[in-house]
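Structure first, then comments.
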Amino acid sequence: MAKMISQKKYRSQKSIKITKQIITYIFLVVLSIIWLIPFAYLLGQSFISMTAGPQAPYSATLFFPIFPNGDNPGNATFDNYIALFTDPNFPFFTWWLNTLIIAVITSVVQTILVLLTAYALSRLRFKGRKAIMNMILIIGMFPGFLGMIINYFILQLLGMSGSIFSLILLYIAGSAMNYYIAKGFFDTISKSLDEAVLIDGGTNNTVFWRIILPLSKPIIVYTILISFTSPWGDYMMAAYLAQGNRNLFNVAVGLQQMVGIYASEYFTRFCAGGVFVSIPIMILFFVLQRYYVEGIAGGAVKG
């Protein structure tokens with residue numbers, strides 16, 4: 001009798017567990033579909049042909065047309081993608097190249113600075129360490145755009161206001177303040193490894209380059225991705241420093257100009273640009289997803 005009751009209880013608990021899993025999976029699937037709808041709309045609009053005109057911004061019958069007042073049906077076409085790289089009025093390739101240069105240089109320099117700062121604050125003990133960490137924490141509470149105007153005038157005095165390298169300088173100037181996740185990851189690595197290297201005659205440089213970095217692949221990948229994606233999608237600082245010079249635009253500023261001023265003529269081309277810009281980021285995240293998740297999880301263990 002007791003055995004039958006135990007079996008019934010086990011089956012009941014198992015059915016409840018399965019039901020909870022099914023509900024969770026259904027919720028996640030629905031949530032994923034909701035998240036994918038904007039990208040599906042963007043992708044669909046990028047393949048729609050346009051009929052420009054004062055009364056009909058464009059006519060389309062595919063993929064949720066937002067201007068359905070035209071007379072001619074829309075047709076799937078690659079014209080928008082071709083026009084992105086052939087229209088001299090909107091040098092999309094120049095914008096994309098500017099963004100790529102900024103993102104690559106920024107990610108390399110930021111990653112080095114962040115890892116060095118995180119190592120120093122995680123493994124070394126020196127006077128003023130706690131004060132530095134508290135100061136960085138307090139400064140990080142203030143939004144970066146508060147210093148946009150003074151930063152612009154400083155760059156102007158240095159003769160760098162008309163260059164994309166001014167953006168790079170701004171992005172890397174405060175990059176060491178983003179050391180928190182990397183420090184948390186370094187805190188999880190046993191300090192006995194450091195002691196063994198130091199006893200054998202090694203230095204802190206040896207510990208960092210030969211011991212810590214080979215064990216920190218997830219956090220290195222995470223830092224590279226974050227450092228790369230931040231300037232890739234930045235608009236506010238990039239627009240302010242460009243001062244209307246189209247040759248200095250990044251893709252965010254250029255696409256905003258395209259759709260903000262000429263929305264009736266360039267909306268589907270703007271969608272094509274959005275799809276093209278998202279492809280490199282998607283590839284990076286898909287390829288490096290495992291390391292990205294490990295970096296976040298490892299860095300969240302200790303602060």
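Residue names in the structure tokens use chain letters A, B, ... in the order shown, residue numbers from 1 in each chain, and ligand numbers from 1 in the order shown.
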
Assign secondary structure with DSSP using the backbone only, and return the residues of region 72-203 of chain A in alpha helix (DSSP H) as a ChimeraX atom specification.
/A:79-84,92-123,129-139,148-157,165-173,180-187,192-199

Write the residues of the selection above to a file with C-alpha atoms, as a CSV table (one decimal), in the first residue's frame.
chain,number,residue,atom,x,y,z
A,79,ASP,CA,17.6,46.9,-55.8
A,80,ASN,CA,17.8,48.3,-52.3
A,81,TYR,CA,21.0,46.4,-51.5
A,82,ILE,CA,22.6,47.4,-54.9
A,83,ALA,CA,21.7,51.1,-54.4
A,84,LEU,CA,23.3,51.1,-50.9
A,92,PHE,CA,27.0,53.7,-47.3
A,93,PHE,CA,30.3,51.9,-47.9
A,94,THR,CA,32.2,54.8,-46.5
A,95,TRP,CA,30.0,54.8,-43.4
A,96,TRP,CA,30.4,51.1,-43.0
A,97,LEU,CA,34.2,51.3,-43.4
A,98,ASN,CA,34.4,54.1,-40.9
A,99,THR,CA,32.4,52.1,-38.4
A,100,LEU,CA,34.5,49.0,-39.0
A,101,ILE,CA,37.8,50.9,-38.4
A,102,ILE,CA,36.4,52.5,-35.3
A,103,ALA,CA,35.0,49.2,-33.9
A,104,VAL,CA,38.1,47.1,-34.6
A,105,ILE,CA,40.6,49.6,-33.2
A,106,THR,CA,38.4,50.3,-30.2
A,107,SER,CA,37.8,46.7,-29.4
A,108,VAL,CA,41.5,45.8,-29.5
A,109,VAL,CA,42.6,48.8,-27.3
A,110,GLN,CA,39.6,48.6,-24.9
A,111,THR,CA,40.1,44.8,-24.4
A,112,ILE,CA,43.8,45.3,-23.5
A,113,LEU,CA,43.0,48.2,-21.1
A,114,VAL,CA,40.1,46.4,-19.4
A,115,LEU,CA,42.0,43.2,-18.9
A,116,LEU,CA,45.1,45.0,-17.5
A,117,THR,CA,42.9,47.1,-15.1
A,118,ALA,CA,40.9,44.0,-14.0
A,119,TYR,CA,44.1,42.1,-13.4
A,120,ALA,CA,45.6,44.9,-11.3
A,121,LEU,CA,42.5,45.3,-9.2
A,122,SER,CA,41.9,41.6,-8.8
A,123,ARG,CA,45.3,40.1,-8.1
A,129,ARG,CA,43.1,50.2,-4.4
A,130,LYS,CA,39.7,50.4,-2.7
A,131,ALA,CA,39.6,54.2,-3.2
A,132,ILE,CA,40.2,53.8,-7.0
A,133,MET,CA,37.4,51.1,-7.2
A,134,ASN,CA,35.0,53.4,-5.4
A,135,MET,CA,35.9,56.4,-7.4
A,136,ILE,CA,35.4,54.5,-10.7
A,137,LEU,CA,32.0,53.2,-9.4
A,138,ILE,CA,30.9,56.8,-8.6
A,139,ILE,CA,32.1,58.3,-11.8
A,148,MET,CA,30.0,65.7,-24.9
A,149,ILE,CA,30.4,69.5,-25.4
A,150,ILE,CA,33.6,69.8,-23.4
A,151,ASN,CA,35.0,66.7,-25.2
A,152,TYR,CA,34.3,68.3,-28.5
A,153,PHE,CA,36.0,71.5,-27.7
A,154,ILE,CA,39.0,69.6,-26.3
A,155,LEU,CA,39.3,67.6,-29.5
A,156,GLN,CA,38.9,70.8,-31.5
A,157,LEU,CA,41.8,72.4,-29.6
A,165,PHE,CA,40.0,58.9,-34.7
A,166,SER,CA,38.5,61.4,-32.4
A,167,LEU,CA,35.7,58.9,-31.7
A,168,ILE,CA,38.2,56.2,-31.1
A,169,LEU,CA,40.0,58.3,-28.6
A,170,LEU,CA,36.7,59.0,-26.7
A,171,TYR,CA,35.7,55.4,-26.7
A,172,ILE,CA,39.0,54.1,-25.3
A,173,ALA,CA,39.6,57.0,-22.9
A,180,TYR,CA,33.9,44.8,-13.3
A,181,ILE,CA,33.0,41.7,-15.2
A,182,ALA,CA,36.6,40.8,-16.1
A,183,LYS,CA,37.7,41.4,-12.4
A,184,GLY,CA,34.9,39.0,-11.3
A,185,PHE,CA,36.2,36.4,-13.6
A,186,PHE,CA,39.8,36.8,-12.5
A,187,ASP,CA,38.7,36.5,-8.9
A,192,SER,CA,47.9,29.7,-5.7
A,193,LEU,CA,48.9,29.7,-9.4
A,194,ASP,CA,50.2,33.3,-9.0
A,195,GLU,CA,52.2,32.2,-5.9
A,196,ALA,CA,53.7,29.2,-7.7
A,197,VAL,CA,54.9,31.4,-10.6
A,198,LEU,CA,56.3,34.1,-8.2
A,199,ILE,CA,58.2,31.4,-6.1

Please provide the set of residues having any atom within 12 Å of region 280-288 of chain A, restricted to only C-alpha atoms, with same-chain residues fewer than 3 positions apart removed, written as a PyMOL selection string.
chain A and resi 39+96+99-100+103+217-233+274-277+291-295

Option closest in space to Ala238 (chain A), from A:Asn178, A:Ser216, A:Gln21, A:Ser163 [counting only C-alpha atoms]:
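Closest to Ala238 (chain A), using only C-alpha atoms: A:Ser163.
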
Pairwise distance, CA of Asn245 (chain A) with CA of Asp87 (chain A), equals 16.8 Å

Go ahead and compute the interatomic distance for CA of Thr268 (chain A) and CA of Leu43 (chain A), in Å to one decimal.
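We find that CA of Thr268 (chain A) and CA of Leu43 (chain A) lie 9.4 Å from each other.
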
Using only C-alpha atoms, the shortest atom-to-atom distance to Ser46 (chain A) among A:Thr77, A:Met258, A:Arg246, A:Leu213 belongs to A:Thr77
